[in-house]
Amino acid sequence: MLVSLLMLCWSVDFFSSSKPTTVLITVPAEMINSLFLISHSGDIFLEKHWKSVISRSVCDYFLEAKEKAGDPENVAPVLQTPHHYLISIYRGKLFFLSVTQTEVPPLFVIEFLHRVADTFQDYFGDCSEVLIKENTVTVYELLEEMLDNGFPLATESNVLKEMIRPPTILRSVVNTLTGGSNVGGTLPTGQLSNVPWRRAGVKYTNNEAYFDVIEEIDAILDKSGTTVFAEIQGVIEACVKLTGMPDLTLSFMNPRLLDDVSFHPCVRFKRWESEHVLSFIPPDGNFRLMSYHVSSQNLVAIPVYVKQNISFLETGSCGRLDITIGPKQTMGKTVESLMVTIPMPKSVLSVNLTATQGTYTFDLTTKVVLWDVGKLNPQKLPNLRGSISIQTGAPKPEENPSINIDMKLQQLAISGLKVSRLDMYGEKYKPFKGVKYVTKAGKFQVRT
Amino acid sequence: MTTMQRLLQLPVNAVNIVKTVQSQVQGQEEDKSPVLSPDSGQQTWYSALQPDELRHLRSGGTGGGGGGGGGGGGGGDQEERGSQEDGGGGGSFQSQPLRHDDLKEMLDSNKDSLKLEAMKRIVAMIARGKNASDLFPAVVKNVACKNIEVKKLVYVYLVRYAEEQQDLALLSISTFQRGLKDPNQLIRASALRVLSSIRVTIIVPIMMLAIKEAASDMSPYVRKTAAHAIPKLYSLDPEQKDQLIEVIEKLLADKTTLVAGSVVMAFEEVCPERIDLIHKNYRKLCNLLIDVEEWGQVVIINMLTRYARTQFLNPNINESLLEEGGGGEKTFYGSDEDEDEDEEEKEKKAEAAAMAKRKPYVMDPDHRLLLRNTKPLLQSRNAAVVMAVAQLYFHLAPKAEVGVIAKALVRLLRSHSEVQYVVLQNVATMTIKRRGMFEPYLKSFYIRSTDPTQIKILKLEVLTNLANETNISTILREFQTYIKSMDKDFVAATIQAIGRCATNIGEVRDTCLNGLVQLLSNRDELVVAESVVVIKKLLQMQPEKHSDIIKHMAKLTDNIQVPMARASILWLIGEYCEHVPKIAPDVLRKMAKSFTNEEDIVKLQILNLAAKLYLTNSKQTKLLTQYVLNLAKYDQNYDIRDRARFIRQLIVPTEKSGALSKYAKKLFLALKPAPVLESPFKDRDHFQLGSLSHLLNAKAGGYQELPDWPESAPDPSVRNVEVPEWTKCSSREKRKEKKVEKPFYSDSEGESGPTESADSESDSASGSESGSGSEGSGSASESEESGEVSVSEEEEGEEEEKKTKKRELKKAVQESESEQSSEEEDRKHERKMKQRKSDSESESDEEEESESESSQSESDDSESEAEVRKKKKAAESKPPSKPVKKETKKEKKEMSLLDLDDFEPAPSPQVTPVNNLLSNSLVTDLEGLSLSEAVLSPATIAPSSALKSYELLHRITGEGLSVEYCFSRQPFSPDANMVAVQMQFTNSSTSDTKNLHMEDVKLQSGMRVKDFPEIESLPAGETATAVMGIDFCDSTQAANFQLCTHTRKFFVSIQPPVGELMRPVFLTENEFKKEQGQLMGMNEITEKLTLDAKCRNEHTIVQRVTTAANLSRVPCGSDRECRFAGRTVTSGSLVLVTVATREEGAAQLTINCEKMVIGTMLVKDILLALTQ
């Protein structure tokens, strides 16, 4: 008996091996084949495949490039390996590395990866290695829904939240007790509706809609303080918690200021074209309603000036630094959260400075001086001065370091943009409405 | 059909197996359970389905039997096999299962919470890349679990490991099949999604069936999922291509935004070459675009870019003229769109106009439509969409309009650095062609010290490209700050950029040179070295002026250590030694001293310098040169030794030295052209911008070339969606669909309630489409629709006056043509009306467009009339052929159900594929028949003669040349794996046809073609034959190629009937039986049939079968059976056919073939042959 069975097995094996297997022509067909999450230090801690499994050894090419680049910011986002293309982004000290085998618009993948990172941030509060490791299963479920066969499927956070509930502490406690789940019990309908970004059946007791107009000044000032380049970029972040299907219209006092705009998909473009109002059915929760650019014809008000004197002595290994910051065009508001960052040349050993206001730190490894000033007092201008010591024997640094400035002005949109009104249609109740303005420094750099 | 059913049942059997086994092993230890134990071989189930096993299955096998039937038997087998393996000691994997024991236990428990916990741990393992494949059996049992989260995680697991565990994966299939029938659309969709994600070849037919069904599902979400499933199936089994194309064609006609993006994605991955499928859907896609989800938008825009490149004319043909036009351009388009002309007229007019110095180019309204509808998407928040539109404009828009994309691209520079990186690469390419576009944004490319190096370098590239006489001073000032940067790579790049500016802009050359010379005293060696290299290039342009700089550089040799820089200096001194006659020998002296310590590249230049000096100043340098040459003679590097030998022979006169030494001066001191410093982004725009290939500057796999503009535009009428066709369409498929879809549309309308007021254009479009679904909805609904449309128009901000007029116009139109008007969206319909009205009234078919675009053409009735009159005049002056043309066109529309092939002298057959003409009428009718069943191959239409010939090129399409082909069934001698195709060319025109050959063969991967030898001349009235070979890779996919004559090219395609994909083999009866025994189960297809009355005797059966397929008869003892055998041409898989006859003409057809697709198709073909 045993023998005959053995023979049977043999014959089966024989057939399976001798059989001329169907020659499958591998047809390339995917946008994103696999995704690897790689930590800052090069540890691959998560992988997901939407098609055939690609060995994680493919990441070696990337890790090599990362080694070579030194700074993670300098790793080329698109790499070519013999059989694959690696497209990666760097977010929150993590690399999101996607693998494709065929032609695909690189921005398509990059944009998608950022959307993934955004989603993680949205779900877990931050996009970090620890949090992703903690929530591996949710991450996996999310990835499963976001891509189908490598093609984006559901990327709207509202739709995703209907399918997979974000973890909260309370729920995770309850889940462990009851064996409940994060996966929504009801089937999501968001994907089916004409407004895929909004989930159905939203209910709130307090109906509220808040809008933050946030403007950032990008500027390059030269040594003498004249503006080389300055522009204003703005976004309107919304937090809308309204019951039902509200239809909102947001109008501006001076919409002509806006030169170039981009919208959340919910905004009706035609209305904007014709009337310059924002008409939309909002997604539920937080979202970016629009981002805009203020036309460069308008002169940009620069809120602060910087008087600086950084010099390295020709002889001897030291230099001097003296920075004073004062208000310039602040439109009557106070400059807050003022922060000055100075990346020093690599040959700088240490600094010995005194600040009249706030505190400063010097990072020995990155050689960055960080001066946290706080509020800018026009009566008593903050000043940072002292000496810099340089490695003995090292030549005098060629370039003076540039000064990067960070600040905030509350209740002010520096471009002068103003929201005039917000109307709601489609629902009966009266919502709370609010608009907040903030001006920040974007990439604000002073050359020295 | 029965095959399918059999396939569908199989997994159920498989489930039975597990059930039986489970009941048997309860109480036993888990990992000893045979089915659940991990298997070393991946193909257990597959091999379990091998013929021998299956015979056991059939006959009841050893164990089981009874109710469980075959399944139980199989289970028994497996069990024993499994225990055997255990006994055999698979030590390698015994340790692993032990580790997962706890997990297995948890999975088998009754508590969902335990299962969930286990699944979570397993998924975490998968995420970390740990192998969890040994848990497959334990996990797959839970596929039907009630708990939705467990289920989801099981799906995740299944999709990950199904490919490795094909056999066990089959157990889950029936669950999904049940899910496909669920009343809830979301469940249907997710079932299809998972089913199609399981990469198991055996279930290909099931997937195919599921996709086909889902494609006509009433829920658009399910249809979307079907579209997603198409590329999955295609990558699993490319042989399904033809059937998949049918599904794609059907889904392309879908009118919902939800489906559009996904189906175009499927189209791009399965059949990007079938551009003809887009024609009918082009306008719809353009109109839906803004409401498609963002990822779909990207895919559609990229595809439409390619489409437009094949269908429209280059708008920049007369670039100079356009520029001249300047401000008046818009009115120009506005007025020109009014002209509804044929292509030929357009061309003729073009010639005439060119002579008259008038603008000849007329943009196709569809081209305009695309540009207009994509423009708003520049405002998208999605960088990929913006980039897609930008590349579309760059490749398609008239030069004057491309500028709009600059602003949007500059906006993207605010985004993440990866986005910046890609955008800058594209901007760099664009700035080479269209510098003016980005000039206003020059400052946006200024570099911050905090930018990553790669971004800095790209920005630098853009700045350099943007530099011109006016802005160069600002740019150079910027560059000066950059040179001081701490980032040395960046500094080096800046120096090169300065060099490029200097070469490109003559005025600043001296300034740049001086600046660079100053850099020579820079402390950083890298900076100096880079400067030297750049200065060298600059000096080459005008060396005589700058001997002092050369002197200065000569001094630098003492200090600079960077080899490249040293080499550059030496080259300079050697090249221009007559300008520095005193210094040069001294430099050589120093170099001779340090020769042995130099880098190779420097050594070569020292030799070079020595040789040049020897020739110009031999008195001073003779000995030095000898010395250097001697040193080089014993160098380690053979290049240097070679060079030394070479130089010595050339310059040092010896008695042996030949004629060459006479020319030594010419050889060494020839004038060399100055180098051209070019951007690395030059000419990159032959890749489609925004593509991976462009970014890498190398063709990526699967990249679709962006075609060149056609010389003359193909027939634009292919995009017309014809009204009569819809109304007259008698296809039962269509009817069915209509009935089903109606509730959905009305449903979605209800949902869209709140948006309706504002989502203007497309919403109203979908509204009217819903009308189009219901054919006889009468005039009431129509008026409603027109109301809706006018609402949207209001929003578009058109003036009151115009609106009322239009509404009146519309009403009138509706009254006259109420039947058809329901079919079309308003605009198209209006166009149609116009076309119908009369031929002379060649008025705007794009009235609205011209209005919205041009500020001028406020076409009042009177005005437009005037225009018409003008046109009339124009028409009169034109050749008289035009009215004739129109007439035929009109006629054509009236009888769309007739075969148009013979009727119309195809306006431009060159690019219109033959099958497209067919698709107008016949194919739509056939569609309904072919979709639900398997492939409809050409051969199914009763092969009557032994060698059926097919038409490749019709006499009329081919302008007198007709081509027929048949499968000669002769072995193709050059390559045995190819099918011989015999072609017969007949020239029925009046002139000779020359140089008949084929070109541009488009094939599925793996397929090959051996061209037929070129026929040099085919006199009028003559016939010639030629044989070509095609390797179809055992699939019925068409081989597409162009048939070229000396004047024309014709797109043709050859699609083989499945019967021609095999060649006969001779088997004895015993061999046949043995082989047949090995091809049971999945590989066997049986069909019952009733033989045709004329086909009851053996002879006719044999004749008909061998006509249908290229098989040979196998001798047979019984006279009630006919047997045939063959092998597929490419893979040589055996094909066995048995026809067993019974009483009363009843018969049974059995086909055994490894290739199930071939088997299935062959069954159909033979059935048809026998029953007709």
# chains A, B, ... in the order shown; residues from 1 in each chain; ligands from 1
>>> residues_around(residues="Glu141 in chain A", least_positions_apart="3", cutoff="9 Å", atoms="only C-alpha atoms", output="PDB file with N, CA, C and O atoms, in the first residue's frame")
ATOM      1  N   THR A 136       0.473  49.061  13.149  1.00  0.00           N
ATOM      2  CA  THR A 136       0.753  48.355  11.900  1.00  0.00           C
ATOM      3  C   THR A 136      -0.506  47.874  11.203  1.00  0.00           C
ATOM      4  O   THR A 136      -0.651  48.031   9.995  1.00  0.00           O
ATOM      5  N   VAL A 137      -1.422  47.324  11.990  1.00  0.00           N
ATOM      6  CA  VAL A 137      -2.591  46.729  11.354  1.00  0.00           C
ATOM      7  C   VAL A 137      -3.450  47.786  10.694  1.00  0.00           C
ATOM      8  O   VAL A 137      -3.875  47.635   9.544  1.00  0.00           O
ATOM      9  N   THR A 138      -3.657  48.887  11.404  1.00  0.00           N
ATOM     10  CA  THR A 138      -4.440  49.966  10.805  1.00  0.00           C
ATOM     11  C   THR A 138      -3.728  50.488   9.552  1.00  0.00           C
ATOM     12  O   THR A 138      -4.365  50.737   8.529  1.00  0.00           O
ATOM     13  N   GLU A 144      -4.277  49.014   2.117  1.00  0.00           N
ATOM     14  CA  GLU A 144      -5.082  48.109   1.307  1.00  0.00           C
ATOM     15  C   GLU A 144      -6.213  48.865   0.621  1.00  0.00           C
ATOM     16  O   GLU A 144      -6.541  48.604  -0.526  1.00  0.00           O
ATOM     17  N   GLU A 145      -6.794  49.820   1.338  1.00  0.00           N
ATOM     18  CA  GLU A 145      -7.904  50.560   0.755  1.00  0.00           C
ATOM     19  C   GLU A 145      -7.435  51.656  -0.194  1.00  0.00           C
ATOM     20  O   GLU A 145      -8.148  52.033  -1.109  1.00  0.00           O
ATOM     21  N   MET A 146      -6.268  52.176   0.075  1.00  0.00           N
ATOM     22  CA  MET A 146      -5.840  53.329  -0.706  1.00  0.00           C
ATOM     23  C   MET A 146      -5.388  52.952  -2.108  1.00  0.00           C
ATOM     24  O   MET A 146      -5.474  53.757  -3.025  1.00  0.00           O
ATOM     25  N   ILE A 164     -12.313  52.682   7.968  1.00  0.00           N
ATOM     26  CA  ILE A 164     -11.395  52.319   9.040  1.00  0.00           C
ATOM     27  C   ILE A 164     -11.371  53.464  10.028  1.00  0.00           C
ATOM     28  O   ILE A 164     -10.945  54.566   9.695  1.00  0.00           O
ATOM     29  N   VAL A 183     -12.540  48.545  12.275  1.00  0.00           N
ATOM     30  CA  VAL A 183     -13.149  48.596  10.955  1.00  0.00           C
ATOM     31  C   VAL A 183     -14.617  48.939  11.106  1.00  0.00           C
ATOM     32  O   VAL A 183     -15.314  48.361  11.937  1.00  0.00           O
TER      33      VAL A 183
ATOM     34  N   LYS B 152     -11.526  41.191   6.631  1.00  0.00           N
ATOM     35  CA  LYS B 152     -10.649  42.092   5.888  1.00  0.00           C
ATOM     36  C   LYS B 152      -9.204  41.657   6.001  1.00  0.00           C
ATOM     37  O   LYS B 152      -8.463  41.671   5.021  1.00  0.00           O
ATOM     38  N   LEU B 153      -8.822  41.302   7.227  1.00  0.00           N
ATOM     39  CA  LEU B 153      -7.433  40.903   7.418  1.00  0.00           C
ATOM     40  C   LEU B 153      -7.147  39.586   6.697  1.00  0.00           C
ATOM     41  O   LEU B 153      -6.045  39.382   6.184  1.00  0.00           O
ATOM     42  N   VAL B 156      -6.432  40.481   3.272  1.00  0.00           N
ATOM     43  CA  VAL B 156      -5.072  41.007   3.152  1.00  0.00           C
ATOM     44  C   VAL B 156      -4.081  39.852   3.047  1.00  0.00           C
ATOM     45  O   VAL B 156      -3.196  39.830   2.198  1.00  0.00           O
TER      46      VAL B 156
END
>>> residues_around(residues="range 78-82 of chain A", least_positions_apart="5", cutoff="9 Å", atoms="only C-alpha atoms", output="list in words")
Val58, Tyr61, Phe62, Ala65, Ile87, Ser88 and Pro106 of chain A; Glu418, Val422, Leu692, Leu695 and Leu696 of chain B
>>> write_last_selection(atoms="C-alpha atoms", output="PDB file, in the first residue's frame")
ATOM      1  CA  VAL A  58      15.613  46.041  -3.930  1.00  0.00           C
ATOM      2  CA  TYR A  61      20.015  50.393  -4.134  1.00  0.00           C
ATOM      3  CA  PHE A  62      18.175  53.030  -2.257  1.00  0.00           C
ATOM      4  CA  ALA A  65      22.152  56.112  -2.589  1.00  0.00           C
ATOM      5  CA  ILE A  87      10.428  56.557  -6.155  1.00  0.00           C
ATOM      6  CA  SER A  88      10.703  57.839  -2.637  1.00  0.00           C
ATOM      7  CA  PRO A 106       6.752  60.289 -11.088  1.00  0.00           C
TER       8      PRO A 106
ATOM      9  CA  GLU B 418      10.361  65.756  -4.138  1.00  0.00           C
ATOM     10  CA  VAL B 422      10.316  66.623 -10.554  1.00  0.00           C
ATOM     11  CA  LEU B 692       9.390  58.750 -15.743  1.00  0.00           C
ATOM     12  CA  LEU B 695      12.999  62.282 -15.741  1.00  0.00           C
ATOM     13  CA  LEU B 696      15.534  59.546 -16.265  1.00  0.00           C
TER      14      LEU B 696
END
>>> closest_residue(among="A:Val75, A:Cys318, A:Leu384, A:Leu63", to="Val306 in chain A", atoms="only C-alpha atoms")
A:Leu384
>>> atom_distance(atom1="CA of Leu349 in chain A", atom2="CA of Gln391 in chain A")
5.6 Å
>>> atom_distance(atom1="CA of Glu103 in chain A", atom2="CA of Asn149 in chain A")
15.3 Å
>>> closest_residue(among="A:Cys239, A:Leu153, A:Ala69, A:Leu353", to="Glu293 in chain B", atoms="only C-alpha atoms")
A:Leu153
>>> residues_around(residues="range 479-485 of chain B", least_positions_apart="5", cutoff="9 Å", atoms="only C-alpha atoms", output="number ranges by chain")
A: 398-401, 447; B: 447, 449, 460, 474, 490-492, 494-495, 497-498, 515, 527
>>> closest_residue(among="A:Ile54, A:Ile403, A:Leu94, A:Met424", to="Gly42 in chain A", atoms="only C-alpha atoms")
A:Leu94
>>> residues_around(residues="Leu364 in chain A", least_positions_apart="4", cutoff="12 Å", atoms="only C-alpha atoms", output="ChimeraX atom specification")
/A:343-351,368-370
>>> write_last_selection(atoms="C-alpha atoms", output="mmCIF file, in the first residue's frame")
data_model
loop_
_atom_site.group_PDB
_atom_site.id
_atom_site.type_symbol
_atom_site.label_atom_id
_atom_site.label_comp_id
_atom_site.auth_asym_id
_atom_site.auth_seq_id
_atom_site.Cartn_x
_atom_site.Cartn_y
_atom_site.Cartn_z
ATOM 1 C CA PRO A 343 23.685 77.410 10.120
ATOM 2 C CA MET A 344 27.351 78.044 10.821
ATOM 3 C CA PRO A 345 30.214 76.897 8.611
ATOM 4 C CA LYS A 346 31.472 73.445 9.415
ATOM 5 C CA SER A 347 34.773 74.746 10.683
ATOM 6 C CA VAL A 348 33.148 76.584 13.577
ATOM 7 C CA LEU A 349 34.022 74.952 16.855
ATOM 8 C CA SER A 350 31.895 76.851 19.325
ATOM 9 C CA VAL A 351 30.183 80.152 19.902
ATOM 10 C CA VAL A 368 23.372 75.496 13.936
ATOM 11 C CA VAL A 369 22.785 78.469 16.176
ATOM 12 C CA LEU A 370 19.167 78.644 17.205
#
>>> select_by_dssp(residues="range 29-190 of chain A", states="helix (DSSP H, G or I)", output="PyMOL selection string")
chain A and resi 56-69+72-74+106-124+129-134+136-146+157-163+169-178+190
>>> closest_residue(among="A:Lys68, A:Arg421, A:Arg320, A:Lys430", to="Ser389 in chain A", atoms="only C-alpha atoms")
A:Arg320
>>> closest_residue(among="A:Arg288, A:Arg268, A:Lys223, A:Arg199", to="chain B", atoms="only C-alpha atoms")
A:Arg268
>>> residues_around(residues="range 1096-1109 of chain B", least_positions_apart="4", cutoff="10 Å", atoms="only C-alpha atoms", output="PyMOL selection string")
chain B and resi 939-940+942-948+969+1057-1064+1090-1092+1113+1119-1126+1137+1139+1141-1147+1162+1165-1172
